[in-house]
>>> print(open('entry.txt').read())   # compact mmCIF, C-alpha atoms
# COMPACT_ATOMS: atom_id res chain seq x y z
CA ASP A 22 15.47 14.00 -13.42
CA ALA A 23 12.38 12.08 -14.53
CA GLY A 24 11.19 9.37 -12.22
CA VAL A 25 9.50 6.18 -13.37
CA THR A 26 7.14 6.93 -16.25
CA GLN A 27 4.33 4.68 -17.40
CA SER A 28 2.07 4.82 -20.42
CA PRO A 29 -0.76 4.98 -21.06
CA THR A 30 -2.26 6.34 -17.83
CA HIS A 31 -5.67 4.84 -18.54
CA LEU A 32 -6.83 2.09 -20.85
CA ILE A 33 -10.17 0.41 -21.60
CA LYS A 34 -10.28 -3.03 -23.22
CA THR A 35 -12.87 -5.75 -23.72
CA ARG A 36 -12.66 -9.37 -22.64
CA GLY A 37 -10.41 -11.52 -24.80
CA GLN A 38 -8.32 -8.63 -26.09
CA GLN A 39 -4.61 -8.20 -25.59
CA VAL A 40 -2.90 -5.18 -23.97
CA THR A 41 0.64 -3.80 -23.77
CA LEU A 42 1.73 -1.45 -21.00
CA ARG A 43 5.00 0.46 -21.07
CA CYS A 44 7.47 1.62 -18.44
CA SER A 45 10.58 3.78 -18.51
CA PRO A 46 12.70 3.38 -15.38
CA LYS A 47 14.18 6.18 -13.35
CA SER A 48 17.42 7.49 -14.82
CA GLY A 49 20.33 5.28 -13.75
CA HIS A 50 18.14 2.28 -12.88
CA ASP A 51 18.54 -1.07 -14.64
CA THR A 52 15.90 -3.31 -13.03
CA VAL A 53 12.15 -3.17 -13.58
CA SER A 54 9.44 -4.89 -11.54
CA TRP A 55 5.72 -5.02 -12.34
CA TYR A 56 2.91 -5.14 -9.80
CA GLN A 57 -0.88 -5.47 -10.11
CA GLN A 58 -3.02 -3.53 -7.63
CA ALA A 59 -6.72 -4.40 -7.61
CA LEU A 60 -9.16 -1.90 -6.09
CA GLY A 61 -8.86 -1.84 -2.31
CA GLN A 62 -5.91 -4.26 -2.31
CA GLY A 63 -2.17 -3.99 -1.95
CA PRO A 64 0.09 -4.42 -4.99
CA GLN A 65 0.88 -8.00 -6.02
CA PHE A 66 4.23 -8.86 -7.61
CA ILE A 67 3.97 -10.03 -11.22
CA PHE A 68 7.60 -10.32 -12.34
CA GLN A 69 10.98 -8.58 -12.49
CA TYR A 70 13.35 -7.96 -15.38
CA TYR A 71 17.09 -7.45 -15.26
CA GLU A 72 19.55 -7.62 -18.15
CA GLU A 73 16.61 -8.24 -20.50
CA GLU A 74 15.66 -11.46 -18.70
CA GLU A 75 12.87 -12.38 -16.30
CA ARG A 76 14.58 -12.82 -12.93
CA GLN A 77 11.66 -13.47 -10.57
CA ARG A 78 7.99 -14.22 -11.12
CA GLY A 79 4.96 -14.07 -8.87
CA ASN A 80 1.86 -16.24 -8.95
CA PHE A 81 0.47 -15.03 -12.27
CA PRO A 82 -0.54 -17.14 -15.30
CA ASP A 83 1.40 -17.28 -18.55
CA ARG A 84 -1.09 -14.80 -20.05
CA PHE A 85 1.11 -12.22 -18.34
CA SER A 86 4.42 -11.77 -20.12
CA GLY A 87 7.02 -9.07 -20.32
CA HIS A 88 10.06 -7.76 -22.01
CA GLN A 89 12.98 -5.51 -21.18
CA PHE A 90 14.82 -3.56 -23.85
CA PRO A 91 18.53 -2.66 -24.02
CA ASN A 92 17.70 0.85 -22.75
CA TYR A 93 16.16 -0.80 -19.62
CA SER A 94 12.59 0.20 -20.49
CA SER A 95 10.02 -2.56 -20.17
CA GLU A 96 6.67 -3.76 -21.45
CA LEU A 97 3.98 -5.81 -19.75
CA ASN A 98 1.73 -7.82 -22.07
CA VAL A 99 -1.52 -9.44 -21.02
CA ASN A 100 -3.30 -11.79 -23.43
CA ALA A 101 -6.91 -12.99 -23.40
CA LEU A 102 -8.02 -10.34 -20.91
CA TRP A 103 -10.47 -11.30 -18.16
CA LEU A 104 -12.74 -8.96 -16.23
CA GLY A 105 -10.59 -9.77 -13.20
CA ASP A 106 -7.55 -8.22 -14.88
CA SER A 107 -9.04 -4.78 -14.24
CA ALA A 108 -6.54 -3.11 -11.91
CA LEU A 109 -3.83 -0.48 -11.52
CA TYR A 110 -0.60 -1.83 -13.01
CA LEU A 111 2.48 -0.41 -11.33
CA CYS A 112 6.02 -0.40 -12.58
CA ALA A 113 8.89 -0.04 -10.13
CA SER A 114 12.54 0.48 -10.97
CA SER A 115 15.75 0.05 -9.05
CA LEU A 116 19.48 -0.31 -9.43
CA ALA A 117 20.67 -3.92 -9.16
CA GLY A 118 22.23 -4.51 -5.78
CA PRO A 119 21.19 -5.29 -2.25
CA SER A 120 18.92 -2.43 -1.21
CA ASN A 121 15.13 -2.33 -1.14
CA GLU A 122 15.41 1.38 -0.36
CA LYS A 123 16.04 2.05 -4.04
CA LEU A 124 12.66 0.80 -5.32
CA PHE A 125 10.79 3.67 -7.02
CA PHE A 126 7.22 3.28 -8.30
CA GLY A 127 5.53 4.98 -11.22
CA SER A 128 1.97 6.32 -11.03
CA GLY A 129 0.61 3.28 -12.82
CA THR A 130 -1.66 2.41 -15.72
CA GLN A 131 -5.33 2.00 -14.83
CA LEU A 132 -6.70 -0.88 -16.94
CA SER A 133 -10.43 -1.45 -17.20
CA VAL A 134 -11.67 -4.64 -18.86
CA LEU A 135 -15.33 -4.57 -19.93
CA GLN B 30 -5.14 -16.86 5.17
CA LYS B 31 -3.16 -14.03 3.62
CA GLU B 32 0.55 -13.82 4.41
CA VAL B 33 0.17 -10.18 5.48
CA GLU B 34 -2.96 -8.82 7.18
CA GLN B 35 -3.71 -5.11 7.46
CA ASP B 36 -6.87 -3.38 8.66
CA PRO B 37 -8.20 -1.53 5.58
CA GLY B 38 -9.88 1.16 7.67
CA PRO B 39 -10.91 3.77 6.77
CA LEU B 40 -9.33 5.58 9.71
CA SER B 41 -10.17 9.24 10.45
CA VAL B 42 -8.37 11.25 13.15
CA PRO B 43 -8.18 14.96 14.02
CA GLU B 44 -5.13 17.00 13.02
CA GLY B 45 -2.34 16.77 15.58
CA ALA B 46 -3.31 13.30 16.83
CA ILE B 47 -0.96 10.32 17.02
CA VAL B 48 -1.82 7.71 14.41
CA SER B 49 -1.06 4.01 14.83
CA LEU B 50 -1.11 1.72 11.79
CA ASN B 51 -0.49 -2.01 12.08
CA CYS B 52 0.17 -5.21 10.15
CA THR B 53 0.46 -8.82 11.16
CA TYR B 54 2.14 -11.54 9.13
CA SER B 55 2.33 -15.30 9.14
CA ASN B 56 5.58 -16.06 7.27
CA SER B 57 8.43 -16.14 9.79
CA ALA B 58 10.93 -15.87 6.91
CA PHE B 59 10.17 -12.16 6.50
CA GLN B 60 13.17 -10.16 7.73
CA TYR B 61 12.86 -6.71 6.12
CA PHE B 62 9.84 -4.52 6.62
CA MET B 63 8.71 -1.40 4.82
CA TRP B 64 5.96 1.19 5.00
CA TYR B 65 4.76 2.91 1.86
CA ARG B 66 2.44 5.89 1.45
CA GLN B 67 0.15 6.02 -1.57
CA TYR B 68 -1.78 9.11 -2.55
CA SER B 69 -4.84 8.79 -4.77
CA ARG B 70 -3.92 8.02 -8.41
CA LYS B 71 -0.22 7.76 -7.54
CA GLY B 72 2.26 4.95 -7.03
CA PRO B 73 3.47 3.94 -3.56
CA GLU B 74 6.28 6.01 -2.02
CA LEU B 75 8.70 4.46 0.48
CA LEU B 76 8.43 6.01 3.96
CA MET B 77 10.33 3.71 6.28
CA TYR B 78 12.52 0.60 6.03
CA THR B 79 13.46 -1.57 9.01
CA TYR B 80 15.32 -4.81 9.58
CA SER B 81 14.18 -7.41 12.09
CA SER B 82 12.89 -6.40 15.51
CA GLY B 83 13.25 -2.91 16.94
CA ASN B 84 12.32 0.70 16.36
CA LYS B 85 13.35 3.24 13.73
CA GLU B 86 12.48 6.93 13.84
CA ASP B 87 12.44 9.46 10.99
CA GLY B 88 10.99 12.85 11.84
CA ARG B 89 7.34 12.41 12.77
CA PHE B 90 7.35 8.74 11.74
CA THR B 91 8.36 5.74 13.87
CA ALA B 92 8.39 2.17 12.58
CA GLN B 93 8.29 -0.69 15.06
CA VAL B 94 8.84 -4.40 14.43
CA ASP B 95 8.10 -7.24 16.87
CA LYS B 96 9.17 -10.47 15.20
CA SER B 97 8.19 -12.63 18.17
CA SER B 98 4.58 -11.53 17.67
CA LYS B 99 4.86 -11.16 13.86
CA TYR B 100 3.53 -7.62 14.25
CA ILE B 101 4.71 -4.32 12.79
CA SER B 102 3.52 -0.78 13.41
CA LEU B 103 3.89 2.71 11.99
CA PHE B 104 3.28 5.68 14.28
CA ILE B 105 2.71 9.19 12.95
CA ARG B 106 3.10 12.03 15.48
CA ASP B 107 1.52 15.49 15.09
CA SER B 108 -0.53 14.27 12.12
CA GLN B 109 -1.17 16.75 9.31
CA PRO B 110 -3.89 16.87 6.61
CA SER B 111 -1.12 16.17 4.08
CA ASP B 112 -0.67 12.77 5.77
CA SER B 113 -4.09 11.73 4.40
CA ALA B 114 -3.32 8.78 2.13
CA THR B 115 -3.33 4.98 2.01
CA TYR B 116 -0.53 3.38 4.03
CA LEU B 117 0.79 0.01 2.89
CA CYS B 118 3.06 -2.32 4.82
CA ALA B 119 5.38 -4.54 2.79
CA MET B 120 7.95 -7.18 3.61
CA VAL B 121 10.57 -9.46 2.06
CA PRO B 122 12.54 -12.46 3.36
CA ASN B 123 16.02 -11.32 2.36
CA PHE B 124 18.00 -8.18 1.65
CA GLY B 125 17.86 -7.03 -1.96
CA ASN B 126 14.81 -9.14 -2.79
CA GLU B 127 12.35 -6.89 -4.62
CA LYS B 128 9.45 -9.38 -4.62
CA LEU B 129 7.59 -7.42 -1.98
CA THR B 130 4.55 -8.87 -0.22
CA PHE B 131 2.14 -6.04 0.60
CA GLY B 132 -0.74 -5.67 3.03
CA THR B 133 -4.07 -4.42 1.71
CA GLY B 134 -3.39 -0.86 2.87
CA THR B 135 -5.09 1.37 5.46
CA ARG B 136 -6.87 4.46 4.18
CA LEU B 137 -6.12 7.37 6.56
CA THR B 138 -7.83 10.76 6.67
CA ILE B 139 -6.57 13.59 8.89
CA ILE B 140 -9.38 16.01 9.69
CA PRO B 141 -8.30 19.71 9.94
>>> encode(input="entry.txt", output="structure tokens")
Amino acid sequence: DAGVTQSPTHLIKTRGQQVTLRCSPKSGHDTVSWYQQALGQGPQFIFQYYEEEERQRGNFPDRFSGHQFPNYSSELNVNALWLGDSALYLCASSLAGPSNEKLFFGSGTQLSVL
Amino acid sequence: QKEVEQDPGPLSVPEGAIVSLNCTYSNSAFQYFMWYRQYSRKGPELLMYTYSSGNKEDGRFTAQVDKSSKYISLFIRDSQPSDSATYLCAMVPNFGNEKLTFGTGTRLTIIP
């Protein structure tokens, strides 16, 4: 049973470019959350998708957008990249319902903005 | 001031020692507390999950919450080299909320 898979594992972009990161949730999960983890920091919540809609959003600008597909996979898009967007982007999946114990993280996509 | 404060370390202890990791928080709305372990180049893995004040034990790990002091701890007994990782505390205000607020993480090394 595959866990949460993210692609690509590493990515290098230049300032002003746009990037798309992809996530496939753990089998049986229907909810996807995205987090940004800067070097030496804890993950910060970006947003969460359930039933193809954004359900919660953290304190991130509109340059950060997402999408969830009918098969529950998800994309994170970042426009007009800044140097400060360099970070590990983590996807976490869960099954809708009241239990934080079911949150599983992928290994992340390391984004470097030059 | 950050909502959740955690000493980033690094912390190095000899194998077999008891390790104490701590977080403080400022938002009294937090009710559910978690500890995650993150190995290098991997995503966080849930270790412990506790509700409100009290202790919870799972094998060599004990999580402790003191809401009156807004202070949580993770104790690791008989530490092993495989415990070397970054430990992150996380918390949410209500059950089922997956908008976790994390600490910065403490980098732990167990010396054989």
>>> atom_distance(input="entry.txt", atom1="CA of Ser86 (chain A)", atom2="CA of Ile67 (chain A)")
9.1 Å
>>> residues_around(input="entry.txt", residues="Gly132 (chain B)", least_positions_apart="4", cutoff="8 Å", atoms="only C-alpha atoms", output="list of chain:residue names")
A:Gln62, A:Gly63, B:Val33, B:Glu34, B:Gln35, B:Cys52, B:Leu117, B:Cys118, B:Ala119
>>> interface_residues(input="entry.txt", of="chain A", to="chain B", cutoff="9 Å", atoms="all atoms listed in the file", output="ChimeraX atom specification")
/A:54,61-69,77-79,111-113,115,117-129,131
>>> write_last_selection(input="entry.txt", atoms="C-alpha atoms", output="PDB file, in the frame of the given file")
ATOM      1  CA  SER A  54       9.440  -4.890 -11.540  1.00  0.00           C
ATOM      2  CA  GLY A  61      -8.860  -1.840  -2.310  1.00  0.00           C
ATOM      3  CA  GLN A  62      -5.910  -4.260  -2.310  1.00  0.00           C
ATOM      4  CA  GLY A  63      -2.170  -3.990  -1.950  1.00  0.00           C
ATOM      5  CA  PRO A  64       0.090  -4.420  -4.990  1.00  0.00           C
ATOM      6  CA  GLN A  65       0.880  -8.000  -6.020  1.00  0.00           C
ATOM      7  CA  PHE A  66       4.230  -8.860  -7.610  1.00  0.00           C
ATOM      8  CA  ILE A  67       3.970 -10.030 -11.220  1.00  0.00           C
ATOM      9  CA  PHE A  68       7.600 -10.320 -12.340  1.00  0.00           C
ATOM     10  CA  GLN A  69      10.980  -8.580 -12.490  1.00  0.00           C
ATOM     11  CA  GLN A  77      11.660 -13.470 -10.570  1.00  0.00           C
ATOM     12  CA  ARG A  78       7.990 -14.220 -11.120  1.00  0.00           C
ATOM     13  CA  GLY A  79       4.960 -14.070  -8.870  1.00  0.00           C
ATOM     14  CA  LEU A 111       2.480  -0.410 -11.330  1.00  0.00           C
ATOM     15  CA  CYS A 112       6.020  -0.400 -12.580  1.00  0.00           C
ATOM     16  CA  ALA A 113       8.890  -0.040 -10.130  1.00  0.00           C
ATOM     17  CA  SER A 115      15.750   0.050  -9.050  1.00  0.00           C
ATOM     18  CA  ALA A 117      20.670  -3.920  -9.160  1.00  0.00           C
ATOM     19  CA  GLY A 118      22.230  -4.510  -5.780  1.00  0.00           C
ATOM     20  CA  PRO A 119      21.190  -5.290  -2.250  1.00  0.00           C
ATOM     21  CA  SER A 120      18.920  -2.430  -1.210  1.00  0.00           C
ATOM     22  CA  ASN A 121      15.130  -2.330  -1.140  1.00  0.00           C
ATOM     23  CA  GLU A 122      15.410   1.380  -0.360  1.00  0.00           C
ATOM     24  CA  LYS A 123      16.040   2.050  -4.040  1.00  0.00           C
ATOM     25  CA  LEU A 124      12.660   0.800  -5.320  1.00  0.00           C
ATOM     26  CA  PHE A 125      10.790   3.670  -7.020  1.00  0.00           C
ATOM     27  CA  PHE A 126       7.220   3.280  -8.300  1.00  0.00           C
ATOM     28  CA  GLY A 127       5.530   4.980 -11.220  1.00  0.00           C
ATOM     29  CA  SER A 128       1.970   6.320 -11.030  1.00  0.00           C
ATOM     30  CA  GLY A 129       0.610   3.280 -12.820  1.00  0.00           C
ATOM     31  CA  GLN A 131      -5.330   2.000 -14.830  1.00  0.00           C
TER      32      GLN A 131
END
>>> closest_residue(input="entry.txt", among="A:Ser48, A:Gln38, A:Ser107, A:Asn100", to="Ala23 (chain A)", atoms="only C-alpha atoms")
A:Ser48
>>> residues_around(input="entry.txt", residues="Pro43 (chain B)", least_positions_apart="2", cutoff="12 Å", atoms="all atoms listed in the file", output="PyMOL selection string")
chain B and resi 40-41+45-48+106-110+112-113+137-141
>>> closest_residue(input="entry.txt", among="A:Thr30, A:Gln89, A:Thr130, A:Ser45", to="Ala108 (chain A)", atoms="only C-alpha atoms")
A:Thr130
>>> residues_around(input="entry.txt", residues="Asp95 (chain B)", least_positions_apart="4", cutoff="8 Å", atoms="only C-alpha atoms", output="list in words")
Ser81, Ser82, Gly83, Lys99, Tyr100 and Ile101 of chain B
>>> atom_distance(input="entry.txt", atom1="CA of Pro46 (chain A)", atom2="CA of Leu109 (chain A)")
17.4 Å
>>> residues_around(input="entry.txt", residues="region 104-106 of chain A", least_positions_apart="2", cutoff="7 Å", atoms="all atoms listed in the file", output="list in words")
Arg36, Leu102, Ala108, Val134 and Leu135 of chain A
>>> closest_residue(input="entry.txt", among="B:Pro39, B:Gln30, B:Ser97, B:Ile105", to="Gln60 (chain B)", atoms="all atoms listed in the file")
B:Ser97
>>> residues_near_point(input="entry.txt", point="(3.4, -9.1, -22.1)", cutoff="9 Å", atoms="all atoms listed in the file", output="MDAnalysis selection string")
chainID A and resid 39:42 84:88 96:100
>>> write_last_selection(input="entry.txt", atoms="C-alpha atoms", output="PDB file, keeping the file's coordinate frame")
ATOM      1  CA  GLN A  39      -4.610  -8.200 -25.590  1.00  0.00           C
ATOM      2  CA  VAL A  40      -2.900  -5.180 -23.970  1.00  0.00           C
ATOM      3  CA  THR A  41       0.640  -3.800 -23.770  1.00  0.00           C
ATOM      4  CA  LEU A  42       1.730  -1.450 -21.000  1.00  0.00           C
ATOM      5  CA  ARG A  84      -1.090 -14.800 -20.050  1.00  0.00           C
ATOM      6  CA  PHE A  85       1.110 -12.220 -18.340  1.00  0.00           C
ATOM      7  CA  SER A  86       4.420 -11.770 -20.120  1.00  0.00           C
ATOM      8  CA  GLY A  87       7.020  -9.070 -20.320  1.00  0.00           C
ATOM      9  CA  HIS A  88      10.060  -7.760 -22.010  1.00  0.00           C
ATOM     10  CA  GLU A  96       6.670  -3.760 -21.450  1.00  0.00           C
ATOM     11  CA  LEU A  97       3.980  -5.810 -19.750  1.00  0.00           C
ATOM     12  CA  ASN A  98       1.730  -7.820 -22.070  1.00  0.00           C
ATOM     13  CA  VAL A  99      -1.520  -9.440 -21.020  1.00  0.00           C
ATOM     14  CA  ASN A 100      -3.300 -11.790 -23.430  1.00  0.00           C
TER      15      ASN A 100
END
>>> atom_distance(input="entry.txt", atom1="CA of Gln27 (chain A)", atom2="CA of Cys44 (chain A)")
4.5 Å
>>> closest_residue(input="entry.txt", among="A:Asn80, A:Gln58, A:Ser95, A:Ser133", to="Ser28 (chain A)", atoms="all atoms listed in the file")
A:Ser95
